[in-house]
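Trainee: So here's query.txt, just compact mmCIF, C-alpha atoms and all ligand atoms:
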```txt
# COMPACT_ATOMS: atom_id res chain seq x y z
CA MET A 14 -45.28 -23.24 -4.56
CA SER A 15 -42.99 -23.34 -7.52
CA VAL A 16 -40.59 -20.51 -8.36
CA PRO A 17 -41.43 -18.68 -11.63
CA SER A 18 -39.22 -20.10 -14.37
CA GLU A 19 -37.73 -16.67 -15.16
CA PHE A 20 -36.05 -16.72 -11.76
CA THR A 21 -34.31 -20.06 -12.16
CA LYS A 22 -30.58 -20.19 -12.58
CA ALA A 23 -30.90 -22.10 -15.86
CA TYR A 24 -33.20 -19.47 -17.38
CA ILE A 25 -31.08 -16.59 -16.21
CA GLU A 26 -27.94 -18.21 -17.57
CA SER A 27 -29.39 -18.93 -20.99
CA ASN A 28 -30.63 -15.35 -21.25
CA SER A 29 -27.33 -13.70 -20.32
CA PRO A 30 -24.94 -14.09 -23.27
CA LEU A 31 -21.73 -12.12 -22.74
CA ASP A 32 -22.42 -9.56 -25.45
CA GLU A 33 -25.75 -8.63 -23.88
CA GLN A 34 -24.46 -8.23 -20.35
CA LEU A 35 -24.39 -4.65 -19.14
CA TYR A 36 -20.79 -3.77 -18.20
CA THR A 37 -19.14 -7.17 -17.91
CA GLN A 38 -16.75 -6.54 -20.79
CA PHE A 39 -15.46 -3.44 -19.01
CA ILE A 40 -15.28 -5.16 -15.62
CA LYS A 41 -13.34 -8.05 -17.15
CA SER A 42 -11.09 -5.88 -19.32
CA ARG A 43 -8.24 -6.04 -16.75
CA GLU A 44 -7.15 -2.66 -18.07
CA PRO A 45 -4.99 -0.71 -17.53
CA TYR A 46 -2.88 -3.60 -16.18
CA ARG A 47 -3.04 -5.73 -19.27
CA SER A 48 -1.48 -2.79 -21.16
CA LEU A 49 1.00 -1.93 -18.43
CA TYR A 50 2.34 -5.45 -18.28
CA LYS A 51 2.76 -5.76 -22.05
CA ARG A 52 6.25 -6.90 -23.02
CA ASN A 53 8.50 -4.98 -25.41
CA PHE A 54 6.11 -2.05 -25.52
CA HIS A 55 6.89 0.60 -22.93
CA GLN A 56 10.20 2.41 -22.93
CA SER A 57 12.94 0.77 -20.83
CA ALA A 58 10.47 -1.86 -19.65
CA LYS A 59 11.02 -4.85 -21.89
CA ASP A 60 9.08 -7.18 -19.57
CA GLY A 61 6.40 -4.56 -18.86
CA PHE A 62 5.92 -2.74 -15.56
CA SER A 63 5.45 -5.85 -13.47
CA LEU A 64 7.87 -8.17 -11.73
CA ASP A 65 7.84 -11.75 -12.91
CA PRO A 66 10.66 -13.59 -11.09
CA SER A 67 10.19 -16.60 -13.36
CA ILE A 68 11.59 -14.58 -16.28
CA ILE A 69 14.89 -14.20 -14.42
CA GLY A 70 14.76 -17.73 -13.06
CA GLU A 71 17.66 -19.27 -11.22
CA ALA A 72 20.24 -17.80 -13.59
CA GLY A 73 19.98 -14.12 -12.56
CA PRO A 74 22.77 -12.54 -10.52
CA THR A 75 20.26 -11.70 -7.76
CA PRO A 76 17.48 -14.23 -7.17
CA GLY A 77 14.23 -13.05 -8.75
CA ILE A 78 15.59 -9.74 -10.09
CA ASP A 79 18.13 -8.70 -12.68
CA LEU A 80 20.06 -5.60 -11.69
CA THR A 81 22.31 -5.68 -14.74
CA ASP A 82 19.75 -5.12 -17.48
CA ASP A 83 19.02 -1.45 -18.24
CA ASP A 84 15.84 -2.37 -20.03
CA VAL A 85 13.99 -3.69 -17.01
CA TYR A 86 11.57 -1.20 -15.43
CA TYR A 87 13.18 -1.14 -11.97
CA ASN A 88 16.67 -0.28 -13.28
CA THR A 89 16.57 3.44 -13.85
CA THR A 90 20.16 4.68 -14.06
CA GLY A 91 20.87 3.81 -17.73
CA ALA A 92 18.52 4.36 -20.66
CA ALA A 93 15.75 5.62 -18.37
CA ALA A 94 17.97 8.32 -16.85
CA GLU A 95 19.04 9.30 -20.36
CA TYR A 96 15.39 9.72 -21.38
CA TRP A 97 14.60 12.04 -18.46
CA ARG A 98 17.89 13.97 -18.33
CA GLU A 99 16.74 17.17 -20.05
CA LYS A 100 13.19 17.17 -18.67
CA ASP A 101 12.19 19.57 -15.95
CA LEU A 102 10.97 17.05 -13.39
CA PRO A 103 9.82 18.21 -9.94
CA ARG A 104 12.53 19.21 -7.48
CA PRO A 105 12.02 19.94 -3.79
CA VAL A 106 10.61 23.47 -3.38
CA LYS A 107 8.51 25.36 -0.83
CA ASP A 108 6.44 27.56 -3.14
CA ILE A 109 2.81 26.44 -3.44
CA ARG A 110 2.41 27.64 -7.02
CA THR A 111 5.31 25.50 -8.22
CA LEU A 112 4.08 22.54 -6.19
CA ARG A 113 0.58 22.88 -7.60
CA SER A 114 1.87 23.00 -11.14
CA ASP A 115 4.19 19.98 -10.58
CA LEU A 116 1.29 17.99 -9.16
CA GLU A 117 -0.83 18.90 -12.16
CA GLN A 118 1.82 18.31 -14.81
CA TRP A 119 3.78 15.37 -13.42
CA GLY A 120 1.35 13.79 -10.93
CA TYR A 121 3.63 14.47 -7.96
CA CYS A 122 5.45 17.26 -6.19
CA LEU A 123 8.22 17.48 -3.60
CA ILE A 124 7.90 19.76 -0.60
CA GLU A 125 11.33 20.88 0.50
CA GLU A 126 11.84 20.58 4.29
CA GLY A 127 8.19 19.60 4.70
CA LEU A 128 9.40 18.31 8.06
CA SER A 129 11.73 20.59 10.03
CA ALA A 130 15.01 19.01 11.14
CA ALA A 131 13.60 18.51 14.65
CA GLN A 132 10.35 17.03 13.33
CA TYR A 133 12.24 14.74 11.01
CA ASN A 134 14.51 13.51 13.81
CA SER A 135 11.69 12.80 16.20
CA MET A 136 9.67 10.96 13.56
CA LYS A 137 12.63 8.95 12.37
CA ASN A 138 13.70 7.93 15.87
CA ARG A 139 10.17 6.95 16.82
CA LEU A 140 9.79 4.84 13.67
CA VAL A 141 13.13 3.07 13.97
CA GLU A 142 12.30 2.22 17.58
CA GLN A 143 8.73 1.17 16.78
CA ALA A 144 9.74 -1.06 13.89
CA ALA A 145 12.41 -2.78 16.01
CA GLY A 146 9.93 -3.11 18.90
CA GLU A 147 7.38 -4.77 16.64
CA ARG A 148 9.99 -7.21 15.36
CA LYS A 149 11.02 -8.09 18.91
CA ALA A 150 7.42 -8.42 20.03
CA GLY A 151 6.75 -10.81 17.15
CA VAL A 152 4.06 -8.61 15.58
CA ALA A 153 5.99 -7.12 12.66
CA SER A 154 4.07 -7.13 9.38
CA TRP A 155 5.90 -8.24 6.23
CA MET A 156 4.13 -7.29 3.05
CA GLY A 157 3.92 -4.98 0.05
CA THR A 158 6.48 -6.76 -2.11
CA GLU A 159 7.04 -10.38 -3.14
CA PRO A 160 9.20 -12.61 -0.95
CA ILE A 161 12.74 -13.13 -2.26
CA PRO A 162 12.61 -16.55 -3.99
CA GLY A 163 13.04 -19.23 -1.35
CA GLN A 164 11.89 -17.02 1.55
CA ALA A 165 8.55 -17.36 3.31
CA THR A 166 7.69 -13.68 3.59
CA SER A 167 8.51 -10.38 1.96
CA ASN A 168 11.47 -8.55 3.49
CA THR A 169 9.61 -5.25 3.40
CA GLN A 170 8.26 -4.32 6.84
CA PHE A 171 5.07 -2.30 7.22
CA VAL A 172 4.26 -0.45 10.43
CA HIS A 173 0.50 -0.08 10.42
CA ALA A 174 -1.92 2.23 12.19
CA LEU A 175 0.69 4.90 12.98
CA ILE A 176 -1.97 6.94 14.79
CA ASN A 177 -1.46 4.57 17.75
CA LYS A 178 2.30 4.91 17.74
CA GLY A 179 3.19 8.49 18.60
CA GLU A 180 1.61 11.91 19.04
CA GLN A 181 3.37 13.30 15.97
CA PHE A 182 1.41 10.93 13.72
CA VAL A 183 -1.89 12.27 15.03
CA GLN A 184 -0.60 15.80 14.37
CA CYS A 185 0.23 14.77 10.80
CA VAL A 186 -3.34 13.54 10.29
CA GLU A 187 -4.57 16.96 11.43
CA HIS A 188 -1.93 18.77 9.34
CA ASP A 189 -0.89 20.48 12.52
CA ALA A 190 2.31 22.46 11.96
CA LYS A 191 3.54 21.22 15.36
CA GLY A 192 4.11 17.76 13.85
CA VAL A 193 4.75 18.67 10.21
CA GLN A 194 5.72 22.25 9.44
CA ALA A 195 4.30 22.11 5.89
CA GLY A 196 0.93 20.88 7.28
CA PRO A 197 -1.14 23.90 6.16
CA LEU A 198 0.33 23.72 2.66
CA ILE A 199 -0.29 19.96 2.38
CA GLU A 200 -3.86 20.40 3.59
CA GLN A 201 -4.50 23.16 1.04
CA LEU A 202 -3.33 20.92 -1.83
CA LEU A 203 -5.47 18.04 -0.54
CA ASN A 204 -8.51 20.32 -0.24
CA GLU A 205 -8.02 21.50 -3.81
CA THR A 206 -7.49 18.04 -5.22
CA MET A 207 -10.17 16.08 -3.43
CA GLY A 208 -12.43 18.50 -1.60
CA PRO A 209 -12.14 19.38 2.09
CA ASP A 210 -14.25 16.43 3.24
CA PHE A 211 -11.50 13.92 2.42
CA LEU A 212 -10.71 11.06 4.81
CA MET A 213 -7.40 9.64 5.94
CA SER A 214 -7.48 6.09 4.60
CA SER A 215 -4.15 4.73 5.85
CA PHE A 216 -0.97 5.91 7.51
CA ILE A 217 1.77 3.32 7.28
CA ALA A 218 5.57 3.17 7.38
CA ILE A 219 7.20 1.08 4.65
CA ILE A 220 10.70 -0.19 5.32
CA SER A 221 12.33 -1.96 2.43
CA ASN A 222 15.42 -3.96 3.30
CA PRO A 223 18.38 -4.78 1.06
CA ASN A 224 17.53 -6.74 -2.09
CA ASN A 225 13.78 -6.54 -1.60
CA MET A 226 11.73 -7.35 -4.66
CA PRO A 227 10.30 -4.28 -6.42
CA GLN A 228 6.56 -3.74 -6.64
CA GLY A 229 4.82 -3.88 -9.97
CA LEU A 230 3.92 -0.34 -10.97
CA HIS A 231 0.40 0.56 -9.97
CA GLN A 232 -2.00 3.40 -9.37
CA ASP A 233 -3.03 3.54 -5.72
CA GLN A 234 -6.59 4.31 -6.76
CA ALA A 235 -6.68 1.32 -9.09
CA THR A 236 -8.58 -0.66 -6.47
CA ALA A 237 -11.49 0.83 -8.45
CA PRO A 238 -11.64 -0.03 -12.15
CA PHE A 239 -12.34 3.51 -13.34
CA GLN A 240 -9.95 5.85 -15.13
CA ASP A 241 -10.92 9.50 -14.98
CA SER A 242 -8.98 12.14 -16.89
CA VAL A 243 -10.53 15.04 -14.93
CA ALA A 244 -9.24 14.49 -11.40
CA PRO A 245 -7.88 11.85 -9.03
CA TYR A 246 -9.84 10.60 -6.06
CA THR A 247 -6.96 9.65 -3.82
CA VAL A 248 -3.76 11.51 -2.99
CA ASN A 249 -0.78 10.20 -1.03
CA THR A 250 1.40 12.23 1.26
CA MET A 251 4.78 10.54 1.64
CA PHE A 252 7.17 11.48 4.42
CA ILE A 253 10.68 10.68 3.21
CA MET A 254 12.72 9.28 6.08
CA GLU A 255 16.00 8.62 4.26
CA ASP A 256 17.98 10.46 1.64
CA MET A 257 16.35 8.65 -1.28
CA THR A 258 18.27 7.59 -4.35
CA ALA A 259 18.14 4.92 -7.03
CA GLN A 260 20.71 3.06 -4.91
CA ASN A 261 18.47 2.55 -1.88
CA GLY A 262 15.26 2.00 -3.81
CA GLY A 263 13.67 5.43 -3.94
CA THR A 264 10.06 4.95 -5.01
CA LEU A 265 9.71 4.12 -8.71
CA VAL A 266 7.55 6.67 -10.50
CA VAL A 267 6.55 7.22 -14.12
CA PRO A 268 6.30 11.03 -14.27
CA GLY A 269 3.19 12.22 -16.09
CA SER A 270 1.59 8.77 -16.14
CA HIS A 271 -1.47 10.10 -14.29
CA LYS A 272 -2.47 11.74 -17.58
CA LEU A 273 -1.19 9.10 -19.98
CA VAL A 274 -3.00 6.22 -18.26
CA SER A 275 -6.26 7.98 -17.49
CA ARG A 276 -6.49 9.24 -21.07
CA ALA A 277 -7.22 5.65 -22.16
CA GLY A 278 -10.48 5.86 -20.21
CA SER A 279 -12.17 3.22 -18.07
CA GLY A 280 -11.48 -0.23 -19.49
CA GLY A 281 -9.45 1.21 -22.38
CA ALA A 282 -6.08 -0.14 -23.51
CA ILE A 283 -3.03 2.10 -23.42
CA LYS A 284 -2.16 2.69 -27.07
CA GLU A 285 1.08 4.69 -26.79
CA PRO A 286 4.15 3.29 -25.05
CA LEU A 287 4.71 4.90 -21.67
CA PRO A 288 7.99 6.59 -20.74
CA PRO A 289 10.40 4.83 -18.36
CA ALA A 290 10.29 4.96 -14.58
CA ILE A 291 12.61 7.01 -12.41
CA ASN A 292 13.64 6.29 -8.84
CA LEU A 293 12.65 9.20 -6.67
CA ALA A 294 15.65 11.15 -5.40
CA ALA A 295 15.10 13.62 -2.56
CA PRO A 296 16.65 14.43 0.82
CA ALA A 297 15.24 13.07 4.08
CA GLY A 298 12.60 15.39 5.51
CA THR A 299 11.12 16.09 2.06
CA VAL A 300 7.39 15.44 1.80
CA MET A 301 6.21 14.06 -1.52
CA MET A 302 2.60 14.35 -2.59
CA PHE A 303 1.42 12.14 -5.42
CA GLU A 304 -1.99 11.59 -6.80
CA GLY A 305 -3.88 8.32 -7.13
CA ARG A 306 -3.51 7.97 -10.90
CA LEU A 307 0.29 8.14 -10.92
CA LEU A 308 2.11 4.89 -11.70
CA HIS A 309 4.57 4.09 -8.97
CA GLY A 310 5.88 1.26 -6.76
CA THR A 311 8.60 0.31 -4.28
CA GLY A 312 12.04 0.18 -5.92
CA VAL A 313 14.87 -2.28 -5.28
CA ASN A 314 17.01 -1.37 -2.30
CA GLN A 315 20.57 -2.04 -3.47
CA SER A 316 22.21 -0.42 -0.44
CA ASN A 317 23.32 -2.09 2.80
CA GLY A 318 20.80 -0.28 4.99
CA SER A 319 17.03 -0.13 5.19
CA ARG A 320 14.95 2.48 3.39
CA MET A 321 12.02 4.01 5.21
CA ILE A 322 9.06 6.13 4.16
CA CYS A 323 5.67 6.87 5.74
CA VAL A 324 2.68 7.06 3.46
CA MET A 325 -0.60 8.68 4.35
CA ASN A 326 -3.37 7.97 1.87
CA SER A 327 -6.25 10.43 1.65
CA ILE A 328 -9.47 9.57 -0.15
CA LYS A 329 -12.76 11.06 -1.14
CA PRO A 330 -15.34 9.89 1.37
CA PHE A 331 -17.88 8.55 -1.09
CA MET A 332 -17.21 4.86 -1.35
CA ARG A 333 -17.52 3.66 2.20
CA GLN A 334 -20.19 1.29 3.31
CA GLN A 335 -23.09 3.39 4.51
CA GLU A 336 -23.51 1.19 7.57
CA LEU A 337 -20.45 0.00 9.41
CA HIS A 338 -21.63 -3.59 9.60
CA MET A 339 -18.43 -4.87 11.17
CA LEU A 340 -19.34 -2.94 14.29
CA SER A 341 -23.12 -3.22 14.18
CA ALA A 342 -23.52 -6.92 13.30
CA LYS A 343 -24.69 -9.02 16.23
CA ARG A 344 -22.46 -11.82 17.43
CA GLN A 345 -24.83 -14.55 16.23
CA ILE A 346 -25.05 -13.03 12.77
CA LEU A 347 -21.26 -13.11 12.47
CA GLU A 348 -20.97 -16.58 13.97
CA ASN A 349 -23.47 -18.04 11.54
CA GLY A 350 -22.34 -16.07 8.48
CA SER A 351 -21.38 -17.89 5.28
CA PRO A 352 -18.14 -16.89 3.51
CA LYS A 353 -20.25 -14.99 0.96
CA PHE A 354 -22.25 -13.14 3.58
CA LEU A 355 -19.15 -12.24 5.57
CA TYR A 356 -17.43 -10.93 2.45
CA ARG A 357 -20.43 -8.79 1.53
CA ILE A 358 -20.58 -7.06 4.91
CA GLY A 359 -16.86 -6.25 4.80
CA ALA A 360 -15.55 -8.92 7.17
CA ARG A 361 -12.99 -10.15 4.62
CA PRO A 362 -11.03 -7.13 3.40
CA THR A 363 -9.05 -7.38 0.18
CA THR A 364 -6.39 -4.69 0.60
CA LEU A 365 -8.91 -2.13 1.88
CA GLY A 366 -10.73 -2.06 5.20
CA GLY A 367 -8.39 -4.19 7.31
CA ILE A 368 -7.41 -3.96 10.96
CA GLU A 369 -3.69 -3.45 11.72
CA GLY A 370 -2.49 -5.04 8.50
CA THR A 371 -5.00 -7.86 8.35
CA TRP A 372 -6.36 -7.09 4.90
CA ARG A 373 -5.44 -9.96 2.62
CA GLY A 374 -8.80 -11.59 2.18
CA GLU A 375 -8.76 -13.12 5.65
CA TYR A 376 -11.59 -12.81 8.15
CA LEU A 377 -11.85 -9.99 10.69
CA VAL A 378 -14.50 -11.78 12.73
CA ASN A 379 -12.16 -12.99 15.45
CA GLN A 380 -10.89 -9.44 16.04
CA ARG A 381 -14.39 -8.01 16.15
CA LEU A 382 -15.53 -10.62 18.69
CA MET A 383 -12.46 -9.94 20.80
CA LEU A 384 -13.28 -6.22 20.70
CA GLU A 385 -16.79 -6.97 21.91
CA GLU A 386 -15.38 -9.00 24.78
CA GLY A 387 -12.94 -6.22 25.70
CA ARG A 388 -10.00 -8.47 24.81
CA TYR A 389 -8.69 -6.73 21.69
CA LEU A 390 -5.53 -4.79 22.43
CA SER A 391 -4.19 -2.67 19.55
CA VAL A 392 -0.42 -2.50 19.14
CA GLY A 393 0.70 0.81 20.67
CA VAL A 394 4.07 2.43 21.24
CA LEU A 395 6.78 -0.26 21.34
CA SER A 396 10.55 -0.19 21.49
CA PRO A 397 13.19 -2.90 21.64
CA ASP A 398 14.29 -1.69 25.12
CA MET A 399 10.95 -2.62 26.65
CA SER A 400 10.55 -5.46 29.10
CA VAL A 401 9.37 -8.89 28.06
CA GLU A 402 6.09 -8.06 29.82
CA GLU A 403 5.52 -4.99 27.66
CA LEU A 404 6.65 -6.61 24.42
CA GLY A 405 4.72 -9.75 25.23
CA GLN A 406 1.32 -8.12 25.65
CA ASP A 407 -1.58 -10.09 24.28
CA PHE A 408 -2.12 -7.92 21.20
CA GLY A 409 -5.21 -8.64 19.15
CA TYR A 410 -3.02 -8.84 16.06
CA ARG A 411 -1.51 -12.07 17.44
CA HIS A 412 -4.97 -13.61 17.03
CA SER A 413 -5.54 -12.42 13.47
CA ASP A 414 -5.00 -14.59 10.40
CA SER A 415 -2.06 -12.41 9.25
CA GLY A 416 -0.52 -12.28 12.72
CA LEU A 417 -0.75 -16.03 13.13
CA SER A 418 0.59 -16.91 9.71
CA GLN A 419 3.59 -14.58 10.09
CA ALA A 420 4.35 -15.35 13.75
CA VAL A 421 6.45 -18.35 12.79
CA HIS A 422 8.54 -16.27 10.37
CA GLN A 423 9.67 -13.54 12.76
CA PRO A 424 13.38 -14.11 13.34
CA GLU A 425 13.83 -11.30 15.89
CA THR A 426 11.03 -12.25 18.29
CA GLU A 427 12.07 -12.37 21.94
CA PRO A 428 12.12 -16.13 22.71
CA ALA A 429 10.01 -15.78 25.88
CA VAL A 430 7.34 -13.98 23.86
CA GLN A 431 7.52 -16.53 21.06
CA ASN A 432 6.94 -19.35 23.55
CA ARG A 433 4.06 -17.58 25.24
CA TYR A 434 2.05 -17.41 22.02
CA ALA A 435 3.21 -20.60 20.33
CA ASP A 436 -0.15 -22.31 20.86
CA VAL A 437 -2.54 -19.49 19.93
CA VAL A 438 -5.59 -20.66 18.01
CA GLN A 439 -8.54 -18.46 17.15
CA THR A 440 -11.61 -19.02 19.30
CA TRP A 441 -13.77 -18.21 16.26
CA ARG A 442 -13.52 -20.72 13.43
CA ALA A 443 -13.97 -19.67 9.82
CA PRO A 444 -16.92 -21.34 8.10
CA PRO A 445 -16.03 -24.05 5.58
CA LYS A 446 -15.68 -22.80 2.00
CA SER A 447 -19.03 -22.89 0.30
O1 LIG B 1 7.51 1.78 -0.89
C1 LIG B 1 7.33 2.63 -1.76
O2 LIG B 1 8.25 3.32 -2.18
C2 LIG B 1 5.95 2.83 -2.35
C3 LIG B 1 4.93 1.92 -1.73
C4 LIG B 1 3.64 1.81 -2.47
O3 LIG B 1 3.44 2.33 -3.49
C5 LIG B 1 2.53 0.99 -1.96
O4 LIG B 1 2.72 0.23 -0.99
O5 LIG B 1 1.41 1.07 -2.53
FE FE B 2 1.30 2.41 -4.00
```
Let me see whether you can do it: turn the structure in this file into C-alpha cells.

Mentor:
Amino acid sequence: MSVPSEFTKAYIESNSPLDEQLYTQFIKSREPYRSLYKRNFHQSAKDGFSLDPSIIGEAGPTPGIDLTDDDVYYNTTGAAAEYWREKDLPRPVKDIRTLRSDLEQWGYCLIEEGLSAAQYNSMKNRLVEQAAGERKAGVASWMGTEPIPGQATSNTQFVHALINKGEQFVQCVEHDAKGVQAGPLIEQLLNETMGPDFLMSSFIAIISNPNNMPQGLHQDQATAPFQDSVAPYTVNTMFIMEDMTAQNGGTLVVPGSHKLVSRAGSGGAIKEPLPPAINLAAPAGTVMMFEGRLLHGTGVNQSNGSRMICVMNSIKPFMRQQELHMLSAKRQILENGSPKFLYRIGARPTTLGGIEGTWRGEYLVNQRLMLEEGRYLSVGVLSPDMSVEELGQDFGYRHSDSGLSQAVHQPETEPAVQNRYADVVQTWRAPPKS
C-alpha cells in the first residue's frame, strides 16, 4: 500500500515555504535576546548584556572579563551607579504595601530581616557545611556561569534539591514562620502574583567564588518564548546569605526591565535602549523577591571570599507534562527508546526537569532505572566532618552524566572516595545519535 503523496516528506517540504508557516518566524526570532545582546545600544553595556570572553581575549587584566571598563554591563560602580543615584530603588523594608509597590514598579523587592538572626545563622551554617561536604564527597555541582578561560568547569557551586538537606528548607517551601519569619508575607505576595496553586520549581544554593564569570542577563521565565506585559508566571524568592555588594558580586539586576522587555511583546525587538544594571546591595538575612520577567544574572565576585544565596523558584502549575512519563514508562520502553522519543517524554531535560542538577540535555534514564531497582540514593545531609563511609555513599548522582563528567574535576574529593568510584560506568547505555 503506498502512502498518499500529500504525506510524503518531499510534498510537505515543498508546500511549507517560510512565509506561510504558522508561527515559525516568532519561534525563530531569538528575541528578546537578540536585542539584549546588541552592542553599543543599551546604557553602560557596550558589548550588550551577555558575556563574550573572546572580546576580552588574552589581553584583559582578568582572563575572560574586564573589570576596568565602566561601560561593560557587569561593572556597575561607575556610569551605571551615576545613572541610578537619584532614583528611588527598592530598599529593605518590612511593610507589605511598600514591597508590593516595589515588586510592581521595579520587578523586585527586598524584605528586611526576612530571616531572623537565628534563622539566618542556622541556614548559613547548614549551607556552608553542606557545600563543603558535597565537595569532599565528590558530588559538588559546578554550573550556572562559564568556566574561567583555561578551566574545565565553572567555579560557581550549586547545591541542588535543598529539600533533602535540612528541615529549615522544607519549612521555607511551606512558608512556615518557624524556618523563615517572613514566610506568611512571602506567601501572600506569591499568591497575588501567580495564584495560590503555584508550585515550587527549584530550591538551590548558588555559591560564586572569587573571579567567577558573570552570567549573561536573562529572565528566569525566558525558558518560554513569550513576553507578557500583564503579569509574570514565575517568581523567585532569594535568601541572601552574605552582606551583598558590588564587590562580592551581588546579583546583577536591571531595575524596571520586567516592564521594558515585556512591552516589546512576544518575538518583538527591544526598540529603546535599556538602563544599566546594578549589583544588588543588601544585608545578609534579607529576602529578595523578583519576578520572572526581570533581567538579572550572577555578578562577578571580586572579593576574597565566596558569595552565597539560595534561590527558590515558584511557577504557575500549567506547563507540566500531564503524565509523568519518567515514572510511568516501563523499563523496556526506556531501554528501546530513540533519542527523539526519550527527549519527547522528558528523559533529556534542558535546564528544566532534571534530577539533582542533571539537567543539561543528558539522559535521566540511568537514574530512573536505578530508582526502580531501589539503588538510587539521593544526596542528603553532608558535612566535611563525616566519615569516609558517610561521604563515600553510593549516591545516584555519581551515576548520572553530570556527576560522571564532573567527578574528575573535583579537587577537594576525599582520595578514598575518589578511588572507590574511579571506574563507575552507567549500566544503561545511551542510544546512538539518530
Ligand atoms: O547567582 C545569582 O546571583 C543569580 C543566579 C541566577 O540568576 C540564575 O542562576 O538563574
Ligand atoms: Fe536567573

Trainee: For CA of Ala277 in chain A and CA of Pro45 in chain A, quote the distance in Å rounded to one decimal.

Mentor: 8.2 Å

Trainee: Using all atoms listed in the file, can you tell me which of A:Gly77, A:Gly305, A:Gly359, A:Gly269 comes closest to ligand FE 2 (chain B)?

Mentor: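 For ligand FE 2 (chain B), the nearest of the candidates is A:Gly305.
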
Trainee: Considering all atoms listed in the file, can you say which of A:Gln406, A:Gln181, A:Ser316, A:Gln170 comes closest to ligand LIG 1 (chain B)?

Mentor: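 Residue with the minimum atom-to-atom distance to ligand LIG 1 (chain B): A:Gln170.
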
Trainee: Just checking: using only C-alpha atoms, which residue out of A:Asp407, A:Glu95, A:Glu369, A:Asp79 ends up closest to Phe171 in chain A?

Mentor: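 Selected residue with least distance to Phe171 in chain A: A:Glu369.
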
Trainee: Within 10 Å of ligand FE 2 (chain B), counting only C-alpha atoms and all ligand atoms: which residues, as a PyMOL selection string?

Mentor: chain A and resi 157+228-235+249+264-266+303+305+307-311+324+326

Trainee: So how many Å separate CA of Gly405 in chain A and CA of Tyr434 in chain A, to one decimal?

Mentor: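 Separating CA of Gly405 in chain A from CA of Tyr434 in chain A is a distance of 8.7 Å.
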
Trainee: Using only C-alpha atoms, find each residue of range 219-324 of chain A with at least one atom at most 12 Å away from an atom of range 120-130 of chain A; report its shortest atom-to-atom pair and that distance in Å (one decimal), sort the rows by chain and rising residue number, and return the result as a Markdown table.

Mentor:
```
| residue | atom | partner | partner_atom | distance |
| --- | --- | --- | --- | --- |
| A:Gln232 | CA | A:Gly120 | CA | 11.0 |
| A:Ala244 | CA | A:Gly120 | CA | 10.6 |
| A:Pro245 | CA | A:Gly120 | CA | 9.6 |
| A:Thr247 | CA | A:Gly120 | CA | 11.7 |
| A:Val248 | CA | A:Tyr121 | CA | 9.4 |
| A:Asn249 | CA | A:Tyr121 | CA | 9.3 |
| A:Thr250 | CA | A:Tyr121 | CA | 9.7 |
| A:Met251 | CA | A:Leu123 | CA | 9.4 |
| A:Phe252 | CA | A:Leu128 | CA | 8.1 |
| A:Ile253 | CA | A:Leu128 | CA | 9.1 |
| A:Met254 | CA | A:Leu128 | CA | 9.8 |
| A:Thr264 | CA | A:Tyr121 | CA | 11.9 |
| A:Val266 | CA | A:Tyr121 | CA | 9.1 |
| A:Val267 | CA | A:Gly120 | CA | 9.0 |
| A:Pro268 | CA | A:Gly120 | CA | 6.6 |
| A:Gly269 | CA | A:Gly120 | CA | 5.7 |
| A:Ser270 | CA | A:Gly120 | CA | 7.2 |
| A:His271 | CA | A:Gly120 | CA | 5.7 |
| A:Lys272 | CA | A:Gly120 | CA | 7.9 |
| A:Leu273 | CA | A:Gly120 | CA | 10.5 |
| A:Val274 | CA | A:Gly120 | CA | 11.4 |
| A:Ser275 | CA | A:Gly120 | CA | 11.6 |
| A:Leu293 | CA | A:Leu123 | CA | 9.9 |
| A:Ala294 | CA | A:Leu123 | CA | 9.9 |
| A:Ala295 | CA | A:Leu123 | CA | 8.0 |
| A:Pro296 | CA | A:Glu125 | CA | 8.4 |
| A:Ala297 | CA | A:Glu126 | CA | 8.2 |
| A:Gly298 | CA | A:Leu128 | CA | 5.0 |
| A:Thr299 | CA | A:Glu125 | CA | 5.0 |
| A:Val300 | CA | A:Ile124 | CA | 5.0 |
| A:Met301 | CA | A:Leu123 | CA | 4.5 |
| A:Met302 | CA | A:Cys122 | CA | 5.4 |
| A:Phe303 | CA | A:Tyr121 | CA | 4.1 |
| A:Glu304 | CA | A:Gly120 | CA | 5.7 |
| A:Gly305 | CA | A:Gly120 | CA | 8.5 |
| A:Arg306 | CA | A:Gly120 | CA | 7.6 |
| A:Leu307 | CA | A:Gly120 | CA | 5.7 |
| A:Leu308 | CA | A:Gly120 | CA | 9.0 |
| A:His309 | CA | A:Gly120 | CA | 10.4 |
```

Trainee: Put a box with edges along x, y and z around all the listed atoms of ligand LIG 1 (chain B), pad it by 5 Å on each side, then give me its centre and sizes in Å, one decimal, as JSON.

Mentor:
```
{"center_x": 4.8, "center_y": 1.8, "center_z": -2.2, "size_x": 16.8, "size_y": 13.1, "size_z": 12.6}
```

Trainee: Quick one: everything within 9 Å of Val392 in chain A, counting only C-alpha atoms, minus sequence neighbours fewer than 3 positions away in the same chain. Send it as a PDB file with C-alpha atoms, keeping the file's coordinate frame.

Mentor:
```
ATOM      1  CA  GLU A 147       7.380  -4.770  16.640  1.00  0.00           C
ATOM      2  CA  VAL A 152       4.060  -8.610  15.580  1.00  0.00           C
ATOM      3  CA  ALA A 174      -1.920   2.230  12.190  1.00  0.00           C
ATOM      4  CA  ASN A 177      -1.460   4.570  17.750  1.00  0.00           C
ATOM      5  CA  LYS A 178       2.300   4.910  17.740  1.00  0.00           C
ATOM      6  CA  GLU A 369      -3.690  -3.450  11.720  1.00  0.00           C
ATOM      7  CA  LEU A 395       6.780  -0.260  21.340  1.00  0.00           C
ATOM      8  CA  GLN A 406       1.320  -8.120  25.650  1.00  0.00           C
ATOM      9  CA  PHE A 408      -2.120  -7.920  21.200  1.00  0.00           C
ATOM     10  CA  GLY A 409      -5.210  -8.640  19.150  1.00  0.00           C
ATOM     11  CA  TYR A 410      -3.020  -8.840  16.060  1.00  0.00           C
TER      12      TYR A 410
END
```

Trainee: Would you please work out which residue, of A:Thr111, A:Gln118, A:Ser48, A:Ser221, is nearest to ligand LIG 1 (chain B) when using only C-alpha atoms and all ligand atoms?

Mentor: A:Ser221

Trainee: Could you tell me how far CA of Phe39 in chain A lies from CA of Gly374 in chain A, in Å and to one decimal?

Mentor: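 One can read the CA of Phe39 in chain A to CA of Gly374 in chain A distance as 23.7 Å.
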